[in-house]
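Have a look at protein.cif; it's mmCIF, C-alpha atoms:
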data_my_file
loop_
_atom_site.group_PDB
_atom_site.id
_atom_site.type_symbol
_atom_site.label_atom_id
_atom_site.label_comp_id
_atom_site.auth_asym_id
_atom_site.auth_seq_id
_atom_site.Cartn_x
_atom_site.Cartn_y
_atom_site.Cartn_z
ATOM 1 C CA MET A 264 -95.162 -21.434 29.687
ATOM 2 C CA GLU A 265 -94.304 -18.776 27.104
ATOM 3 C CA LEU A 266 -97.171 -16.624 28.377
ATOM 4 C CA ASN A 267 -95.828 -16.805 31.910
ATOM 5 C CA ARG A 268 -92.418 -15.590 30.735
ATOM 6 C CA VAL A 269 -93.982 -12.583 28.998
ATOM 7 C CA VAL A 270 -95.965 -11.710 32.121
ATOM 8 C CA LEU A 271 -92.825 -12.020 34.290
ATOM 9 C CA ARG A 272 -90.805 -9.734 32.021
ATOM 10 C CA THR A 273 -93.619 -7.205 32.037
ATOM 11 C CA VAL A 274 -93.778 -7.227 35.839
ATOM 12 C CA ILE A 275 -89.997 -6.684 36.077
ATOM 13 C CA PHE A 276 -89.355 -4.102 33.350
ATOM 14 C CA CYS A 277 -92.490 -1.930 33.442
ATOM 15 C CA PRO A 278 -91.887 -0.403 36.911
ATOM 16 C CA ALA A 279 -88.250 0.261 35.988
ATOM 17 C CA LEU A 280 -89.303 1.960 32.749
ATOM 18 C CA ILE A 281 -91.872 4.107 34.544
ATOM 19 C CA PHE A 282 -89.223 5.115 37.153
ATOM 20 C CA PHE A 283 -86.714 6.293 34.534
ATOM 21 C CA LEU A 284 -89.414 8.148 32.598
ATOM 22 C CA LEU A 285 -90.453 10.017 35.740
ATOM 23 C CA LEU A 286 -86.822 10.776 36.578
ATOM 24 C CA SER A 287 -86.183 12.249 33.120
ATOM 25 C CA CYS A 288 -89.240 14.500 33.429
ATOM 26 C CA THR A 289 -88.259 15.937 36.808
ATOM 27 C CA ALA A 290 -87.284 19.616 36.609
ATOM 28 C CA ASP A 291 -83.684 20.568 37.539
ATOM 29 C CA VAL A 292 -83.359 21.480 41.196
ATOM 30 C CA PRO A 293 -81.994 25.041 41.486
ATOM 31 C CA VAL A 294 -78.581 25.247 43.186
ATOM 32 C CA PRO A 295 -77.846 28.494 45.061
ATOM 33 C CA LYS A 296 -74.918 30.413 43.624
ATOM 34 C CA PRO A 297 -72.035 31.434 45.885
ATOM 35 C CA ARG A 298 -72.380 34.901 47.415
ATOM 36 C CA THR A 299 -70.522 37.592 45.495
ATOM 37 C CA PHE A 300 -69.575 41.163 46.336
ATOM 38 C CA PRO A 301 -68.975 44.264 44.216
ATOM 39 C CA ARG A 302 -65.403 44.709 43.002
ATOM 40 C CA LEU A 303 -63.443 46.925 45.385
ATOM 41 C CA THR A 304 -61.298 49.657 43.852
ATOM 42 C CA LEU A 305 -58.387 50.464 46.138
ATOM 43 C CA PRO A 306 -56.982 54.007 46.084
ATOM 44 C CA GLU A 307 -53.468 54.846 44.928
ATOM 45 C CA ARG A 308 -50.845 55.303 47.613
ATOM 46 C CA ASN A 309 -48.953 58.581 47.808
ATOM 47 C CA PRO A 310 -47.579 58.956 51.371
ATOM 48 C CA VAL A 311 -47.384 62.496 52.727
ATOM 49 C CA SER A 312 -46.605 64.006 56.130
ATOM 50 C CA PHE A 313 -49.546 64.834 58.368
ATOM 51 C CA ASP A 314 -48.520 67.622 60.729
ATOM 52 C CA ILE A 315 -51.658 68.987 62.389
ATOM 53 C CA PRO A 316 -50.978 72.294 64.219
ATOM 54 C CA THR A 317 -53.082 71.409 67.274
ATOM 55 C CA CYS A 318 -51.360 68.036 67.764
ATOM 56 C CA PRO A 319 -47.994 67.325 69.423
ATOM 57 C CA PHE A 320 -47.118 64.631 66.896
ATOM 58 C CA GLU A 321 -46.773 63.936 63.187
ATOM 59 C CA PHE A 322 -46.796 60.893 60.924
ATOM 60 C CA LYS A 323 -46.951 59.765 57.316
ATOM 61 C CA PHE A 324 -50.069 58.439 55.614
ATOM 62 C CA PRO A 325 -51.280 58.342 51.980
ATOM 63 C CA ASP A 326 -53.001 61.474 50.673
ATOM 64 C CA TYR A 327 -56.169 59.533 49.850
ATOM 65 C CA ALA A 328 -57.208 60.451 53.415
ATOM 66 C CA GLN A 329 -58.714 63.802 54.409
ATOM 67 C CA VAL A 330 -58.352 65.389 57.847
ATOM 68 C CA ASN A 331 -61.688 66.180 59.519
ATOM 69 C CA LYS A 332 -61.565 67.979 62.850
ATOM 70 C CA SER A 333 -63.838 66.647 65.577
ATOM 71 C CA THR A 334 -66.169 69.378 66.851
ATOM 72 C CA SER A 335 -68.185 67.316 69.331
ATOM 73 C CA PHE A 336 -67.864 64.267 71.554
ATOM 74 C CA PHE A 337 -71.242 62.985 72.787
ATOM 75 C CA LYS A 338 -72.627 66.481 72.090
ATOM 76 C CA GLU A 339 -69.837 68.121 74.061
ATOM 77 C CA LYS A 340 -66.580 69.760 73.072
ATOM 78 C CA PRO A 341 -63.715 67.217 72.762
ATOM 79 C CA PRO A 342 -61.324 67.177 75.734
ATOM 80 C CA HIS A 343 -58.483 68.415 73.492
ATOM 81 C CA ASP A 344 -58.172 70.276 70.187
ATOM 82 C CA CYS A 345 -56.212 67.322 68.808
ATOM 83 C CA TRP A 346 -59.278 65.165 68.135
ATOM 84 C CA PHE A 347 -59.755 64.422 64.441
ATOM 85 C CA ASP A 348 -60.317 61.664 61.931
ATOM 86 C CA LEU A 349 -58.663 60.681 58.679
ATOM 87 C CA HIS A 350 -61.623 60.190 56.359
ATOM 88 C CA ILE A 351 -61.113 57.808 53.450
ATOM 89 C CA PRO A 352 -63.958 58.490 50.967
ATOM 90 C CA SER A 353 -62.973 55.807 48.441
ATOM 91 C CA LEU A 354 -63.391 53.058 51.076
ATOM 92 C CA ASN A 355 -66.125 54.762 53.125
ATOM 93 C CA ALA A 356 -63.911 54.439 56.197
ATOM 94 C CA SER A 357 -62.431 56.684 58.878
ATOM 95 C CA LEU A 358 -59.427 56.424 61.157
ATOM 96 C CA TYR A 359 -60.411 58.212 64.380
ATOM 97 C CA PHE A 360 -57.787 59.876 66.584
ATOM 98 C CA SER A 361 -58.146 61.138 70.144
ATOM 99 C CA TYR A 362 -55.349 62.772 72.130
ATOM 100 C CA HIS A 363 -54.981 63.133 75.887
ATOM 101 C CA LYS A 364 -52.465 65.145 77.841
ATOM 102 C CA ILE A 365 -51.181 62.977 80.702
ATOM 103 C CA LYS A 366 -51.014 64.702 84.073
ATOM 104 C CA SER A 367 -50.143 61.768 86.334
ATOM 105 C CA LYS A 368 -49.217 58.092 86.359
ATOM 106 C CA LYS A 369 -52.694 57.278 87.626
ATOM 107 C CA GLU A 370 -54.255 59.063 84.642
ATOM 108 C CA TYR A 371 -52.010 57.144 82.231
ATOM 109 C CA GLU A 372 -53.041 53.835 83.806
ATOM 110 C CA LYS A 373 -56.713 54.808 83.516
ATOM 111 C CA LEU A 374 -56.315 55.658 79.812
ATOM 112 C CA VAL A 375 -54.753 52.258 79.172
ATOM 113 C CA ALA A 376 -57.466 50.506 81.211
ATOM 114 C CA ASP A 377 -60.212 52.374 79.325
ATOM 115 C CA THR A 378 -58.642 51.302 76.027
ATOM 116 C CA TYR A 379 -58.727 47.646 77.051
ATOM 117 C CA LYS A 380 -62.290 48.045 78.289
ATOM 118 C CA VAL A 381 -63.437 49.265 74.854
ATOM 119 C CA ASN A 382 -61.489 46.501 73.117
ATOM 120 C CA THR A 383 -63.133 43.875 75.324
ATOM 121 C CA GLN A 384 -66.551 45.082 74.167
ATOM 122 C CA ILE A 385 -65.488 44.978 70.513
ATOM 123 C CA ASN A 386 -63.985 41.531 70.968
ATOM 124 C CA LYS A 387 -67.388 40.154 72.014
ATOM 125 C CA ARG A 388 -68.485 40.387 68.377
ATOM 126 C CA SER A 389 -65.195 39.331 66.799
ATOM 127 C CA ASP A 390 -63.731 35.854 66.318
ATOM 128 C CA PHE A 391 -60.582 36.767 68.197
ATOM 129 C CA MET A 392 -58.325 39.690 69.102
ATOM 130 C CA GLU A 393 -54.589 39.869 68.423
ATOM 131 C CA GLU A 394 -52.384 42.201 70.471
ATOM 132 C CA VAL A 395 -49.153 43.517 68.931
ATOM 133 C CA ARG A 396 -46.616 45.590 70.857
ATOM 134 C CA ILE A 397 -45.383 48.720 69.073
ATOM 135 C CA ARG A 398 -41.884 50.210 69.245
ATOM 136 C CA ASN A 399 -40.755 52.206 66.211
ATOM 137 C CA THR A 400 -37.335 53.620 65.301
ATOM 138 C CA GLN A 401 -38.243 56.974 66.880
ATOM 139 C CA GLY A 402 -38.685 55.234 70.223
ATOM 140 C CA VAL A 403 -42.481 55.618 70.210
ATOM 141 C CA GLY A 404 -44.249 52.734 71.933
ATOM 142 C CA GLY A 405 -47.753 51.423 72.370
ATOM 143 C CA MET A 406 -50.077 48.575 71.423
ATOM 144 C CA LYS A 407 -52.029 47.571 68.316
ATOM 145 C CA PHE A 408 -55.191 45.453 68.443
ATOM 146 C CA ILE A 409 -56.455 43.504 65.422
ATOM 147 C CA PHE A 410 -59.964 42.028 65.447
ATOM 148 C CA GLU A 411 -61.044 39.232 63.111
ATOM 149 C CA GLY A 412 -64.676 38.620 62.167
ATOM 150 C CA ALA A 413 -67.709 40.881 62.412
ATOM 151 C CA ALA A 414 -66.093 43.526 64.624
ATOM 152 C CA ALA A 415 -67.340 47.093 64.244
ATOM 153 C CA SER A 416 -63.735 48.294 64.238
ATOM 154 C CA PRO A 417 -61.085 45.869 62.904
ATOM 155 C CA ILE A 418 -57.998 47.822 64.031
ATOM 156 C CA HIS A 419 -57.295 49.817 67.209
ATOM 157 C CA PHE A 420 -54.055 51.193 68.622
ATOM 158 C CA TYR A 421 -52.649 53.506 71.238
ATOM 159 C CA LEU A 422 -49.292 55.295 71.455
ATOM 160 C CA SER A 423 -47.802 56.985 74.486
ATOM 161 C CA ASP A 424 -44.582 58.177 76.095
ATOM 162 C CA THR A 425 -46.277 57.223 79.429
ATOM 163 C CA THR A 426 -45.545 60.627 81.007
ATOM 164 C CA GLN A 427 -47.014 63.382 78.794
ATOM 165 C CA HIS A 428 -48.795 62.148 75.693
ATOM 166 C CA PHE A 429 -51.415 59.507 74.937
ATOM 167 C CA VAL A 430 -53.095 59.071 71.551
ATOM 168 C CA LYS A 431 -55.632 56.463 70.460
ATOM 169 C CA GLY A 432 -56.606 55.440 66.943
ATOM 170 C CA ALA A 433 -59.453 53.283 65.636
ATOM 171 C CA LEU A 434 -60.496 52.230 62.145
ATOM 172 C CA TYR A 435 -64.236 52.248 61.457
ATOM 173 C CA TYR A 436 -66.262 51.653 58.306
ATOM 174 C CA ASN A 437 -69.159 54.034 57.822
ATOM 175 C CA ASP A 438 -71.415 51.166 56.839
ATOM 176 C CA ARG A 439 -72.517 47.758 58.071
ATOM 177 C CA VAL A 440 -69.464 45.521 58.497
ATOM 178 C CA ARG A 441 -69.355 42.530 56.142
ATOM 179 C CA PRO A 442 -66.102 40.706 56.975
ATOM 180 C CA ASP A 443 -65.852 38.845 53.652
ATOM 181 C CA SER A 444 -66.403 41.877 51.447
ATOM 182 C CA MET A 445 -64.343 44.298 53.573
ATOM 183 C CA ALA A 446 -61.348 41.986 54.089
ATOM 184 C CA PRO A 447 -59.401 43.369 51.074
ATOM 185 C CA ALA A 448 -59.951 46.942 52.279
ATOM 186 C CA THR A 449 -58.900 46.064 55.835
ATOM 187 C CA ASP A 450 -55.736 44.316 54.621
ATOM 188 C CA PHE A 451 -54.950 47.332 52.431
ATOM 189 C CA LEU A 452 -55.482 49.826 55.254
ATOM 190 C CA ARG A 453 -53.574 47.681 57.741
ATOM 191 C CA GLU A 454 -50.418 48.163 55.672
ATOM 192 C CA ASP A 455 -50.808 51.947 55.703
ATOM 193 C CA ILE A 456 -51.663 52.013 59.405
ATOM 194 C CA ASP A 457 -48.489 50.019 60.096
ATOM 195 C CA LYS A 458 -46.497 52.612 58.134
ATOM 196 C CA LEU A 459 -48.239 55.369 60.103
ATOM 197 C CA LEU A 460 -47.186 53.701 63.353
ATOM 198 C CA GLY A 461 -43.658 53.265 62.032
ATOM 199 C CA THR A 462 -43.276 56.962 61.128
ATOM 200 C CA PHE A 463 -45.141 58.408 64.136
ATOM 201 C CA LEU A 464 -43.093 60.782 66.308
ATOM 202 C CA TRP A 465 -43.692 63.283 69.078
ATOM 203 C CA LYS A 466 -42.902 66.893 68.221
ATOM 204 C CA GLY A 467 -40.479 68.858 70.402
#
In structure tokens, what does this structure look like?
Amino acid sequence: MELNRVVLRTVIFCPALIFFLLLSCTADVPVPKPRTFPRLTLPERNPVSFDIPTCPFEFKFPDYAQVNKSTSFFKEKPPHDCWFDLHIPSLNASLYFSYHKIKSKKEYEKLVADTYKVNTQINKRSDFMEEVRIRNTQGVGGMKFIFEGAAASPIHFYLSDTTQHFVKGALYYNDRVRPDSMAPATDFLREDIDKLLGTFLWKG
């Protein structure tokens, strides 16, 4: 009888002991660490007036940006001398500007339609597009477009008096867009672009 009890205990406890021994010897399973990005150093803000001689407008923007004149557009001369970009070296970004002189209502409507056509293409790669109507204290109006997600250009806008002047702006990063890592830079630049739109005025 006593022998049977010993055998029974052995049958019950030995497999359990072997299981716990094997479990304690198993190597730790590596857990992937969350993705991290390099720390982004934002430039200091010192707003100055940008009054470009070849352009019929002016605005305020921080002096961390440098004006670069556009010398070609698809290997051709730009349609107007007021084509330039505000290059932002510290963030490896550029705010591109293109200006068009309006000659008719039909031309104005085409410029607006072309703007929406480009935005539709960009929106195909973004999560969604937000449209914001612009009307600043100088009476300048237009539209701003904000794209969320992996869009090549997170912010677009156009400004126009609908009869003479039409200017478009677009923010691009000169590198592959990584929404998570570039979000702080985009939020930072969005504030300065909003101030640009708020101080924009037509000359004359």
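With all atoms listed in the file taken into account, the protein and nucleic acid residues at most 10 Å from Pro352 in chain A (excluding it and anything under 5 positions from it in its own chain) are A:Pro306, A:Tyr327, A:Ala328, A:Gln329, A:Ser357, A:Asn437.
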**Prompt:** Any chance you could work out the residue set of the PyMOL selection byres ((chain A and resi 368-380) around 10) here, as a ChimeraX atom specification?
**Reply:** /A:363-367,381-386,405-406,408,419-431
For the contact check between range 289-404 of chain A and range 447-463 of chain A, emit one row per residue of range 289-404 of chain A within 9 Å, containing the shortest atom pair and the distance in Å rounded to one decimal, counting all atoms listed in the file, chain then rising number order, as JSON lines.
{"residue": "A:Leu303", "atom": "CA", "partner": "A:Ala448", "partner_atom": "CA", "distance": 7.7}
{"residue": "A:Thr304", "atom": "CA", "partner": "A:Ala448", "partner_atom": "CA", "distance": 9.0}
{"residue": "A:Leu305", "atom": "CA", "partner": "A:Ala448", "partner_atom": "CA", "distance": 7.2}
{"residue": "A:Arg308", "atom": "CA", "partner": "A:Asp455", "partner_atom": "CA", "distance": 8.8}
{"residue": "A:Pro310", "atom": "CA", "partner": "A:Asp455", "partner_atom": "CA", "distance": 8.8}
{"residue": "A:Phe320", "atom": "CA", "partner": "A:Phe463", "partner_atom": "CA", "distance": 7.1}
{"residue": "A:Glu321", "atom": "CA", "partner": "A:Phe463", "partner_atom": "CA", "distance": 5.8}
{"residue": "A:Phe322", "atom": "CA", "partner": "A:Phe463", "partner_atom": "CA", "distance": 4.4}
{"residue": "A:Lys323", "atom": "CA", "partner": "A:Leu459", "partner_atom": "CA", "distance": 5.4}
{"residue": "A:Phe324", "atom": "CA", "partner": "A:Leu459", "partner_atom": "CA", "distance": 5.7}
{"residue": "A:Pro325", "atom": "CA", "partner": "A:Asp455", "partner_atom": "CA", "distance": 7.4}
{"residue": "A:Leu354", "atom": "CA", "partner": "A:Ala448", "partner_atom": "CA", "distance": 7.1}
{"residue": "A:Ile397", "atom": "CA", "partner": "A:Leu460", "partner_atom": "CA", "distance": 7.8}
{"residue": "A:Arg398", "atom": "CA", "partner": "A:Gly461", "partner_atom": "CA", "distance": 8.0}
{"residue": "A:Asn399", "atom": "CA", "partner": "A:Gly461", "partner_atom": "CA", "distance": 5.2}
{"residue": "A:Thr400", "atom": "CA", "partner": "A:Gly461", "partner_atom": "CA", "distance": 7.1}
{"residue": "A:Gln401", "atom": "CA", "partner": "A:Phe463", "partner_atom": "CA", "distance": 7.6}
{"residue": "A:Val403", "atom": "CA", "partner": "A:Phe463", "partner_atom": "CA", "distance": 7.2}
Restricting to only C-alpha atoms, whichever of A:Glu394, A:Glu411, A:Val330, A:Gly432 is closest to Asp314 in chain A is A:Val330
Quiz item: So which residues touch Asp326 in chain A within 10 Å, counting all atoms listed in the file, skipping near sequence neighbours fewer than 5 positions away, as a ChimeraX atom specification?
Solution: /A:306-313,349,351
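Picture a line from CA of Ile315 in chain A to CA of Cys345 in chain A; it runs 8.0 Å.
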Evaluate the PyMOL selection byres ((chain A and resi 319) around 8) on the structure here and hand back the selected residues as a PyMOL selection string. chain A and resi 316-318+320-321+465-467
Here CA of Arg439 in chain A and CA of Ser389 in chain A stand apart by 14.2 Å
Work out where the centre of an axis-aligned box around every listed atom of range 392-409 of chain A lies and how long its edges are once 6 Å is added on each side; give both in Å to one decimal as AutoDock Vina command-line options.
--center_x -47.8 --center_y 48.3 --center_z 68.8 --size_x 33.0 --size_y 29.3 --size_z 19.1
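Of note, CA of Leu358 in chain A and CA of Tyr436 in chain A are spaced 8.8 Å apart.
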**Item:** Output check: residues returned by the PyMOL selection byres ((chain A and resi 393) around 7), as a list of chain:residue names
**Value:** A:Phe391, A:Met392, A:Glu394, A:Val395, A:Phe408, A:Ile409, A:Phe410
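With all atoms listed in the file as the atoms that count, the minimum distance from Pro417 in chain A to the choices A:Ala356, A:Ser333, A:Tyr362, A:Gly404 is reached by A:Ala356.
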